[in-house]
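Novice: Pasting final_15.csv below, which is CSV, C-alpha atoms.
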chain,number,residue,atom,x,y,z
A,1,MET,CA,386.2,98.8,88.8
A,2,ALA,CA,382.5,99.3,88.3
A,3,ASN,CA,379.8,96.9,89.7
A,4,ILE,CA,376.0,96.6,89.6
A,5,MET,CA,375.6,99.8,91.6
A,6,ASP,CA,377.5,101.7,88.9
A,7,TYR,CA,375.4,100.1,86.2
A,8,LEU,CA,372.3,101.5,87.9
A,9,ASP,CA,373.9,105.0,87.7
A,10,TRP,CA,374.9,104.5,84.1
A,11,ARG,CA,371.9,102.8,82.6
A,12,GLY,CA,369.1,103.3,85.1
A,13,ASP,CA,367.4,105.9,83.0
A,14,LEU,CA,367.0,103.5,80.1
A,15,SER,CA,363.7,101.5,79.8
A,16,PHE,CA,363.7,97.9,78.7
A,17,GLU,CA,362.1,99.0,75.5
A,18,SER,CA,365.1,101.2,74.6
A,19,SER,CA,367.7,98.8,75.9
A,20,GLU,CA,366.7,95.1,76.1
A,21,PHE,CA,367.1,92.8,79.0
A,22,ASN,CA,370.7,91.8,79.6
A,23,GLU,CA,372.9,89.6,81.9
A,24,VAL,CA,373.6,92.4,84.3
A,25,ASP,CA,369.8,92.9,84.8
A,26,ASN,CA,369.6,89.3,85.6
A,27,LEU,CA,372.2,89.6,88.5
A,28,ILE,CA,370.4,92.6,89.9
A,29,LEU,CA,367.1,90.9,90.0
A,30,ALA,CA,368.8,87.8,91.5
A,31,GLN,CA,370.0,90.1,94.3
A,32,LEU,CA,366.6,91.7,94.9
A,33,VAL,CA,365.1,88.5,96.4
A,34,TYR,CA,367.7,88.6,99.2
A,35,VAL,CA,365.7,91.5,100.7
A,36,ASP,CA,363.2,90.5,103.5
A,37,PHE,CA,359.9,91.4,101.8
A,38,ALA,CA,357.7,89.8,104.6
A,39,GLY,CA,354.6,91.9,105.0
A,40,ILE,CA,355.6,94.1,102.0
A,41,VAL,CA,355.3,92.1,98.8
A,42,PRO,CA,352.0,90.2,98.4
A,43,LYS,CA,352.1,86.5,99.1
A,44,LEU,CA,351.9,83.6,96.6
A,45,GLY,CA,348.4,83.3,95.2
A,46,SER,CA,347.1,86.7,96.5
A,47,GLY,CA,346.7,88.1,93.0
A,48,GLU,CA,348.1,91.4,94.1
A,49,LYS,CA,351.3,93.2,93.0
A,50,ILE,CA,353.4,96.1,94.3
A,51,THR,CA,355.8,98.4,92.5
A,52,LEU,CA,359.5,98.2,93.5
A,53,LYS,CA,359.4,101.9,94.4
A,54,GLU,CA,356.6,101.3,96.9
A,55,ALA,CA,358.2,98.1,98.3
A,56,SER,CA,361.5,99.9,98.9
A,57,SER,CA,359.8,102.8,100.6
A,58,ARG,CA,357.9,100.4,103.0
A,59,PHE,CA,361.0,98.4,103.7
A,60,PHE,CA,363.1,101.4,104.9
A,61,GLU,CA,360.2,102.6,107.1
A,62,THR,CA,360.9,99.6,109.4
A,63,HIS,CA,364.5,98.7,108.8
A,64,ASP,CA,367.5,100.6,110.0
A,65,GLU,CA,370.3,101.1,107.5
A,66,LYS,CA,373.1,101.0,110.1
A,67,GLU,CA,371.8,97.7,111.5
A,68,ILE,CA,371.8,96.2,108.0
A,69,LEU,CA,375.4,97.3,107.4
A,70,GLU,CA,376.5,95.6,110.7
A,71,ARG,CA,375.4,92.2,109.5
A,72,VAL,CA,378.1,89.7,108.5
A,73,SER,CA,376.2,88.2,105.5
A,74,MET,CA,377.6,89.2,102.0
A,75,THR,CA,374.0,89.6,100.8
A,76,LYS,CA,373.3,92.5,103.2
A,77,MET,CA,373.9,95.0,100.3
A,78,ALA,CA,370.8,93.7,98.5
A,79,ALA,CA,368.6,96.3,100.4
A,80,PHE,CA,370.7,99.1,99.1
A,81,VAL,CA,370.7,97.7,95.6
A,82,MET,CA,366.9,97.8,95.9
A,83,LYS,CA,366.9,101.4,97.1
A,84,LYS,CA,369.0,102.5,94.1
A,85,MET,CA,366.8,100.5,91.7
A,86,ALA,CA,363.7,102.2,93.1
A,87,GLU,CA,365.2,105.5,92.0
A,88,THR,CA,365.7,104.5,88.4
A,89,ARG,CA,363.4,104.6,85.3
A,90,ARG,CA,364.5,101.1,84.4
A,91,PHE,CA,363.4,99.4,87.6
A,92,GLY,CA,361.3,101.7,89.7
A,93,GLU,CA,357.9,100.6,88.3
A,94,ILE,CA,358.5,96.9,87.9
A,95,LEU,CA,356.0,94.8,89.8
A,96,LEU,CA,356.7,92.4,92.6
A,97,SER,CA,354.3,89.6,93.6
A,98,ASP,CA,353.9,86.0,94.9
A,99,TYR,CA,356.5,86.3,97.6
A,100,VAL,CA,357.4,83.2,99.5
A,101,ASP,CA,359.8,83.0,102.5
A,102,ASP,CA,359.7,79.6,104.0
A,103,ILE,CA,362.3,78.3,106.5
A,104,SER,CA,361.8,74.9,107.9
A,105,ASP,CA,364.1,73.2,110.4
A,106,GLU,CA,362.1,70.0,110.1
A,107,GLU,CA,362.6,69.8,106.3
A,108,GLN,CA,366.1,71.3,106.5
A,109,SER,CA,365.0,73.8,103.9
A,110,GLN,CA,365.3,77.6,103.4
A,111,PHE,CA,363.2,78.6,100.4
A,112,SER,CA,362.5,82.2,99.2
A,113,VAL,CA,361.4,83.4,95.8
A,114,VAL,CA,359.6,86.4,94.2
A,115,CYS,CA,358.0,87.1,90.9
A,116,ILE,CA,359.1,90.2,89.0
A,117,THR,CA,357.0,91.6,86.1
A,118,LEU,CA,358.9,93.9,83.8
A,119,GLU,CA,357.3,96.8,81.8
A,120,ASP,CA,357.1,94.7,78.7
A,121,GLY,CA,354.9,92.1,80.4
A,122,SER,CA,357.7,89.5,80.7
A,123,LEU,CA,358.2,87.6,83.9
A,124,PHE,CA,361.5,87.1,85.9
A,125,VAL,CA,361.2,84.4,88.6
A,126,SER,CA,364.0,85.1,91.1
A,127,PHE,CA,365.0,82.3,93.4
A,128,CYS,CA,366.9,83.2,96.6
A,129,GLY,CA,370.3,81.8,97.4
A,130,THR,CA,371.5,80.7,100.8
A,131,ASP,CA,370.8,83.4,103.4
A,132,SER,CA,372.5,83.7,106.8
A,133,THR,CA,370.6,80.8,108.5
A,134,ILE,CA,372.4,77.6,109.3
A,135,VAL,CA,369.5,75.6,108.0
A,136,GLY,CA,370.0,77.3,104.6
A,137,TRP,CA,373.7,76.3,104.6
A,138,ARG,CA,372.7,72.7,105.7
A,139,GLU,CA,370.4,72.4,102.6
A,140,ASP,CA,373.4,73.3,100.4
A,141,PHE,CA,375.5,70.5,101.9
A,142,ASN,CA,372.5,68.1,101.6
A,143,MET,CA,372.8,68.3,97.9
A,144,GLY,CA,376.0,66.3,98.2
A,145,TYR,CA,374.0,63.1,99.0
A,146,LEU,CA,370.3,63.7,98.4
A,147,ALA,CA,368.9,63.0,94.9
A,148,VAL,CA,366.5,65.9,95.4
A,149,THR,CA,366.1,68.5,98.2
A,150,PRO,CA,362.8,69.9,99.6
A,151,GLY,CA,363.8,73.3,98.2
A,152,GLN,CA,364.1,71.9,94.7
A,153,LEU,CA,360.7,70.3,94.9
A,154,LYS,CA,359.2,73.6,96.1
A,155,ALA,CA,360.9,75.4,93.3
A,156,VAL,CA,359.2,73.2,90.7
A,157,ASP,CA,355.8,73.5,92.3
A,158,TYR,CA,356.2,77.3,92.5
A,159,LEU,CA,357.1,77.7,88.9
A,160,ASN,CA,354.2,75.6,87.9
A,161,GLN,CA,351.9,77.8,89.9
A,162,VAL,CA,353.1,81.3,88.9
A,163,VAL,CA,353.6,81.0,85.2
A,164,THR,CA,350.0,81.7,84.2
A,165,PRO,CA,348.6,82.2,80.6
A,166,GLU,CA,349.2,86.0,80.8
A,167,TYR,CA,352.9,85.5,80.6
A,168,GLN,CA,354.4,84.6,77.2
A,169,VAL,CA,358.1,85.4,77.9
A,170,VAL,CA,359.6,84.0,81.1
A,171,ARG,CA,363.1,84.2,82.5
A,172,VAL,CA,364.2,82.3,85.6
A,173,GLY,CA,367.3,83.1,87.7
A,174,GLY,CA,369.1,83.1,91.0
A,175,HIS,CA,372.4,83.6,92.8
A,176,SER,CA,374.2,80.8,94.7
A,177,LYS,CA,371.7,78.1,95.6
A,178,GLY,CA,369.1,80.2,93.8
A,179,GLY,CA,370.9,79.4,90.6
A,180,ASN,CA,370.6,75.7,91.3
A,181,LEU,CA,366.9,76.0,92.0
A,182,SER,CA,366.4,78.0,88.8
A,183,VAL,CA,367.9,75.2,86.7
A,184,TYR,CA,366.2,72.4,88.6
A,185,ALA,CA,362.8,74.0,88.4
A,186,SER,CA,363.1,74.9,84.7
A,187,VAL,CA,364.2,71.3,83.9
A,188,ASN,CA,361.3,69.7,85.8
A,189,CYS,CA,358.4,72.1,85.3
A,190,LYS,CA,355.5,71.5,83.0
A,191,PRO,CA,356.3,71.3,79.2
A,192,GLU,CA,354.0,74.2,78.4
A,193,ILE,CA,355.9,76.4,80.9
A,194,GLN,CA,359.3,75.2,79.5
A,195,GLU,CA,358.2,76.5,76.1
A,196,LYS,CA,357.7,80.0,77.5
A,197,ILE,CA,361.1,80.1,79.3
A,198,VAL,CA,363.6,82.0,77.1
A,199,GLN,CA,366.6,81.9,79.5
A,200,VAL,CA,367.7,80.4,82.8
A,201,PHE,CA,370.4,82.1,84.8
A,202,SER,CA,372.6,80.5,87.4
A,203,ASN,CA,374.9,83.1,89.0
A,204,ASP,CA,377.6,81.2,90.8
A,205,GLY,CA,375.1,78.5,91.6
A,206,PRO,CA,376.0,74.8,92.3
A,207,GLY,CA,375.5,72.4,89.4
A,208,VAL,CA,373.2,69.4,89.5
A,209,SER,CA,373.5,65.7,90.2
A,210,LYS,CA,374.7,63.3,87.5
A,211,GLU,CA,371.2,61.8,87.3
A,212,VAL,CA,369.7,65.2,86.5
A,213,MET,CA,372.4,66.2,84.1
A,214,GLU,CA,372.0,62.9,82.1
A,215,SER,CA,368.2,63.2,81.9
A,216,GLU,CA,366.4,64.1,78.6
A,217,ALA,CA,364.6,67.0,80.3
A,218,TYR,CA,368.0,68.6,81.3
A,219,GLN,CA,369.3,68.1,77.7
A,220,ARG,CA,366.2,69.9,76.3
A,221,MET,CA,366.7,72.8,78.6
A,222,LEU,CA,370.5,73.0,78.3
A,223,PRO,CA,370.6,75.5,75.4
A,224,LYS,CA,368.7,78.0,77.5
A,225,ILE,CA,370.9,77.8,80.6
A,226,THR,CA,373.4,80.6,81.2
A,227,THR,CA,375.9,80.0,84.0
A,228,ILE,CA,378.1,82.8,85.2
A,229,LEU,CA,381.0,82.2,87.6
A,230,PRO,CA,383.7,84.4,89.1
A,231,GLU,CA,387.3,83.3,88.4
A,232,GLU,CA,387.9,81.7,91.8
A,233,SER,CA,384.5,80.2,92.1
A,234,ILE,CA,384.0,77.7,94.9
A,235,VAL,CA,380.2,77.4,95.3
A,236,GLY,CA,379.5,77.5,91.6
A,237,MET,CA,381.9,74.6,90.9
A,238,LEU,CA,380.1,72.2,93.2
A,239,LEU,CA,378.2,69.2,91.7
A,240,GLU,CA,378.0,68.7,87.9
A,241,HIS,CA,378.0,71.2,85.0
A,242,GLN,CA,377.6,70.3,81.4
A,243,GLU,CA,376.7,73.7,80.1
A,244,ASP,CA,379.4,76.1,79.1
A,245,PHE,CA,379.9,78.9,81.6
A,246,LYS,CA,381.1,82.5,81.5
A,247,VAL,CA,383.9,83.6,83.8
A,248,VAL,CA,383.6,87.1,85.2
A,249,HIS,CA,386.3,89.2,86.9
A,250,SER,CA,385.9,90.0,90.6
A,251,THR,CA,387.5,92.7,92.8
A,252,GLN,CA,387.7,90.1,95.6
A,253,SER,CA,389.5,86.8,96.1
A,254,GLY,CA,388.6,83.3,97.1
A,255,LEU,CA,385.2,82.7,98.7
A,256,GLN,CA,384.6,86.5,98.8
A,257,GLN,CA,384.2,86.4,95.0
A,258,HIS,CA,380.8,84.7,95.6
A,259,ASP,CA,379.7,88.2,96.6
A,260,ALA,CA,377.8,89.5,93.5
A,261,MET,CA,378.7,93.1,94.5
A,262,SER,CA,382.3,92.3,93.6
A,263,TRP,CA,381.6,91.3,90.0
A,264,GLU,CA,383.0,93.8,87.5
A,265,VAL,CA,380.6,95.4,85.0
A,266,LEU,CA,381.2,97.4,81.8
A,267,GLY,CA,378.3,98.9,79.9
A,268,ASN,CA,375.5,96.3,79.7
A,269,SER,CA,377.7,93.2,80.3
A,270,PHE,CA,380.3,91.8,82.7
A,271,VAL,CA,384.0,92.0,82.4
A,272,TYR,CA,385.1,88.5,81.5
A,273,ALA,CA,388.3,86.5,82.1
A,274,GLU,CA,389.6,83.9,79.7
A,275,GLN,CA,389.3,81.0,82.1
A,276,MET,CA,388.9,79.8,85.7
A,277,ALA,CA,391.7,80.5,88.2
A,278,ALA,CA,394.0,77.5,88.7
A,279,GLN,CA,393.1,77.3,92.4
A,280,SER,CA,389.4,77.0,91.6
A,281,ILE,CA,390.1,74.1,89.1
A,282,LEU,CA,392.3,72.4,91.7
A,283,LEU,CA,389.6,72.7,94.4
A,284,ASP,CA,387.0,71.4,92.1
A,285,LYS,CA,389.0,68.3,91.1
A,286,THR,CA,389.8,67.6,94.8
A,287,MET,CA,386.3,67.9,96.0
A,288,LYS,CA,384.7,65.8,93.3
A,289,ALA,CA,387.4,63.1,93.6
A,290,TRP,CA,386.9,63.2,97.4
A,291,LEU,CA,383.1,63.0,97.3
A,292,TYR,CA,383.0,60.1,94.8
A,293,GLN,CA,385.1,58.0,97.1
A,294,LEU,CA,382.8,58.4,100.0
A,295,GLU,CA,379.6,56.3,100.2
A,296,GLU,CA,376.3,58.2,100.1
A,297,GLU,CA,375.6,57.1,103.7
A,298,GLU,CA,379.0,58.4,104.8
A,299,ARG,CA,378.4,61.8,103.1
A,300,LYS,CA,375.0,62.0,104.9
A,301,GLN,CA,376.6,61.1,108.2
A,302,ILE,CA,379.3,63.8,107.9
A,303,VAL,CA,376.7,66.5,107.0
A,304,GLU,CA,374.3,65.5,109.7
A,305,THR,CA,377.0,65.3,112.4
A,306,VAL,CA,378.5,68.7,111.6
A,307,PHE,CA,375.2,70.5,111.5
A,308,GLY,CA,373.9,68.5,114.5
A,309,MET,CA,376.9,69.9,116.5
A,310,LEU,CA,376.0,73.4,115.4
A,311,GLU,CA,372.4,72.8,116.5
A,312,GLU,CA,373.5,71.5,119.9
A,313,ALA,CA,375.7,74.6,120.3
A,314,GLN,CA,372.4,76.6,119.6
A,315,ILE,CA,374.0,78.4,116.6
A,316,LYS,CA,371.2,79.3,114.2
A,317,THR,CA,372.8,82.0,112.0
A,318,VAL,CA,376.1,82.9,110.5
A,319,ASP,CA,375.9,86.2,112.4
A,320,GLU,CA,375.5,84.3,115.7
A,321,PHE,CA,378.6,82.2,115.0
A,322,TYR,CA,380.6,85.3,114.0
A,323,HIS,CA,379.7,87.5,116.9
A,324,SER,CA,380.4,84.8,119.5
A,325,ARG,CA,383.2,83.0,117.7
A,326,TRP,CA,385.1,81.8,120.7
A,327,LYS,CA,382.1,80.6,122.6
A,328,ALA,CA,380.7,79.0,119.4
A,329,VAL,CA,384.0,77.1,118.8
A,330,GLN,CA,384.0,75.9,122.5
A,331,GLU,CA,380.5,74.6,122.2
A,332,PHE,CA,381.3,73.0,118.8
A,333,MET,CA,384.3,71.2,120.2
A,334,LYS,CA,382.3,70.1,123.3
A,335,ALA,CA,379.7,68.5,121.0
A,336,LYS,CA,382.4,66.9,118.9
A,337,SER,CA,383.8,65.1,121.9
A,338,LYS,CA,380.4,63.3,122.4
A,339,LEU,CA,380.4,61.7,119.0
A,340,PRO,CA,380.1,57.9,118.8
A,341,ALA,CA,383.3,56.0,117.9
A,342,GLU,CA,381.8,54.9,114.5
A,343,THR,CA,381.2,58.6,113.5
A,344,GLN,CA,384.7,59.5,114.6
A,345,LYS,CA,386.0,56.8,112.3
A,346,VAL,CA,384.0,58.2,109.3
A,347,PHE,CA,385.4,61.7,110.0
A,348,THR,CA,389.0,60.3,110.1
A,349,LYS,CA,388.5,58.5,106.8
A,350,ALA,CA,387.0,61.6,105.2
A,351,LEU,CA,389.9,63.8,106.3
A,352,LYS,CA,392.5,61.4,105.1
A,353,LEU,CA,390.8,61.0,101.7
A,354,LEU,CA,390.5,64.8,101.4
A,355,TRP,CA,394.2,65.3,102.2
A,356,SER,CA,395.2,62.5,99.7
A,357,GLU,CA,393.1,63.8,96.9
A,358,GLY,CA,394.3,67.4,97.5
A,359,ASN,CA,398.0,66.3,97.2
A,360,LYS,CA,397.2,64.2,94.1
A,361,ALA,CA,395.4,67.1,92.3
A,362,MET,CA,398.2,69.5,93.2
A,363,LYS,CA,400.9,67.2,91.8
A,364,GLU,CA,399.0,66.7,88.6
A,365,GLN,CA,398.6,70.5,88.2
A,366,MET,CA,402.3,71.1,88.9
A,367,LYS,CA,403.2,68.4,86.3
A,368,GLN,CA,400.9,70.0,83.7
A,369,ALA,CA,402.4,73.5,84.4
A,370,VAL,CA,405.9,72.2,83.9
A,371,ALA,CA,404.9,70.5,80.6
A,372,GLU,CA,403.3,73.7,79.3
A,373,ARG,CA,406.4,75.7,80.3
A,374,ASN,CA,408.7,73.3,78.4
A,375,LEU,CA,406.4,73.4,75.4
A,376,LYS,CA,406.7,77.2,75.3
A,377,LYS,CA,410.5,76.9,75.2
A,378,VAL,CA,410.5,74.7,72.2
Show how you would write the structure in this file as structure tokens.
Specialist:
Amino acid sequence: MANIMDYLDWRGDLSFESSEFNEVDNLILAQLVYVDFAGIVPKLGSGEKITLKEASSRFFETHDEKEILERVSMTKMAAFVMKKMAETRRFGEILLSDYVDDISDEEQSQFSVVCITLEDGSLFVSFCGTDSTIVGWREDFNMGYLAVTPGQLKAVDYLNQVVTPEYQVVRVGGHSKGGNLSVYASVNCKPEIQEKIVQVFSNDGPGVSKEVMESEAYQRMLPKITTILPEESIVGMLLEHQEDFKVVHSTQSGLQQHDAMSWEVLGNSFVYAEQMAAQSILLDKTMKAWLYQLEEEERKQIVETVFGMLEEAQIKTVDEFYHSRWKAVQEFMKAKSKLPAETQKVFTKALKLLWSEGNKAMKEQMKQAVAERNLKKV
């Protein structure tokens, strides 16, 4: 089946004037921010912009295609999406600006974002999802116990800075954690900026906390939020969602469906499924029931312990873990053996709860399936 690369072949010759902005364009621009634009796209506040065509040319002057393909990260194809975009009428002359790439071990934050000005003068603010850094993954898990993360605060501040009077139409979007940042920033930015935002896209991004979801600000922005999830979504089902979401077909299965390159495209939209896969619903029920039975401090302790062990094993990226798997596991287990007795107790409690809730959710699902089957026989 076709994906966003095929879309660029089919519709790349169409300007935004002849074919208006659509949901597939959103996903493409959400992928673009995964490219390392350091030293290429002008920094935040510089007042300068660069065309995508020029940015792509400069990127491949210093980056080897073979080396990119050897990476483990599922976002590695973003550079090749950019290369194809640069060759199209639709995207070649779009302008990139205000690039930020800020990774802070101290803040446990991986924050990257870029502004994209389309030919009609509208602005797309593209927030980056989790990259291959362990600190980036840690920030995702921190959402399980923190009311607000450093990345979310940075996203609000960024949006307040870049949406200047020259922009009248603004879209905000991102993939994975970038989707969460897009929603959070749009809900919490200045009212005058909210009025300019016409749509917020979360592409398989985690939801928000109950506190955010129940706020008046979230309720005001809710009609503008578009959430798109693959059938077997895992990342996108985390935390809370009140908005309706669209379910897209993927050529992959399980966690690999998080890869936006696997989402099926037809014309100027995605190929949609009727509902989420049963296993995704089961996992969602299990994880939510599990998390809500753990105290906030216990959740924090679990996250800090796991990532502390990775840090002690000097594992800083997913690629490092993958390419030295056996050594990494050995170092990880060595660190685990040094845990205090109280921490071991929390881990044991968490695992027992997870097992219990998984069994309970599975039994409920089987009971429901039997009831539906009997109903069809009547």
Novice: What does the distance between CA of Ile197 in chain A and CA of Tyr218 in chain A come to in Å, to one decimal place?
Specialist: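 A separation of 13.6 Å between them.
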Novice: What's around Phe201 in chain A at 8 Å? Count all atoms listed in the file, leave out sequence neighbours fewer than 3 positions away in its own chain, and write the answer as a list in words.
Specialist: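 These residues fall inside the cut-off: Asn26, Arg171, Val172, Gly173, Gly174, Gly179, Ser182, Val183, Ile225, Thr226, Thr227 and Ile228 of chain A.
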Novice: For range 45-59 of chain A, list every protein, DNA or RNA residue within 9 Å, evaluated using all atoms listed in the file, and leave out those in the same chain fewer than 5 positions away; present the list as a ChimeraX atom specification.
Specialist: /A:35-37,40,79,82-83,85-87,91-99,161-162
Novice: Could you please take those selected residues and save C-alpha atoms as a PDB file, in the coordinates of the input?
Specialist:
ATOM      1  CA  VAL A  35     365.700  91.500 100.700  1.00  0.00           C
ATOM      2  CA  ASP A  36     363.200  90.500 103.500  1.00  0.00           C
ATOM      3  CA  PHE A  37     359.900  91.400 101.800  1.00  0.00           C
ATOM      4  CA  ILE A  40     355.600  94.100 102.000  1.00  0.00           C
ATOM      5  CA  ALA A  79     368.600  96.300 100.400  1.00  0.00           C
ATOM      6  CA  MET A  82     366.900  97.800  95.900  1.00  0.00           C
ATOM      7  CA  LYS A  83     366.900 101.400  97.100  1.00  0.00           C
ATOM      8  CA  MET A  85     366.800 100.500  91.700  1.00  0.00           C
ATOM      9  CA  ALA A  86     363.700 102.200  93.100  1.00  0.00           C
ATOM     10  CA  GLU A  87     365.200 105.500  92.000  1.00  0.00           C
ATOM     11  CA  PHE A  91     363.400  99.400  87.600  1.00  0.00           C
ATOM     12  CA  GLY A  92     361.300 101.700  89.700  1.00  0.00           C
ATOM     13  CA  GLU A  93     357.900 100.600  88.300  1.00  0.00           C
ATOM     14  CA  ILE A  94     358.500  96.900  87.900  1.00  0.00           C
ATOM     15  CA  LEU A  95     356.000  94.800  89.800  1.00  0.00           C
ATOM     16  CA  LEU A  96     356.700  92.400  92.600  1.00  0.00           C
ATOM     17  CA  SER A  97     354.300  89.600  93.600  1.00  0.00           C
ATOM     18  CA  ASP A  98     353.900  86.000  94.900  1.00  0.00           C
ATOM     19  CA  TYR A  99     356.500  86.300  97.600  1.00  0.00           C
ATOM     20  CA  GLN A 161     351.900  77.800  89.900  1.00  0.00           C
ATOM     21  CA  VAL A 162     353.100  81.300  88.900  1.00  0.00           C
TER      22      VAL A 162
END
Novice: Quick one: pull the distance between CA of Val170 in chain A and CA of Leu153 in chain A, Å, one decimal.
Specialist: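 Between CA of Val170 in chain A and CA of Leu153 in chain A the gap works out to 19.5 Å.
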Novice: Which polymer residues have any atom within 8 Å of an atom of Val248 in chain A, counting all atoms listed in the file, with same-chain residues fewer than 3 positions away left out, as a count of residues only?
Specialist: 10
Novice: Which one of A:Val113, A:Leu159, A:Val81, A:Met1 sits closest to Gly267 in chain A if you count only C-alpha atoms?
Specialist: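 Under the stated criterion, the closest residue is A:Met1.
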Novice: Write out as a ChimeraX atom specification each polymer residue whose atoms come within 10 Å of Ala155 in chain A, counting all atoms listed in the file; drop sequence neighbours fewer than 5 positions from it.
Specialist: /A:111-113,127,149-150,160-161,178,180-186,188-189
Novice: One decimal, in Å: what's the spacing between CA of Val169 in chain A and CA of Lys154 in chain A?
Specialist: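 Result for CA of Val169 in chain A versus CA of Lys154 in chain A: 21.7 Å, one decimal.
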Novice: Taking all atoms listed in the file into account, which of A:Val33, A:Leu123, A:Ala38, A:Leu44 comes nearest His63 in chain A?
Specialist: A:Ala38
Novice: Between A:Ile116, A:Leu29, A:Cys128, A:Ile193, single out the one closest to Val41 in chain A, counting only C-alpha atoms.
Specialist: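 Looking only at the distances to Val41 in chain A, the closest residue turns out to be A:Ile116.
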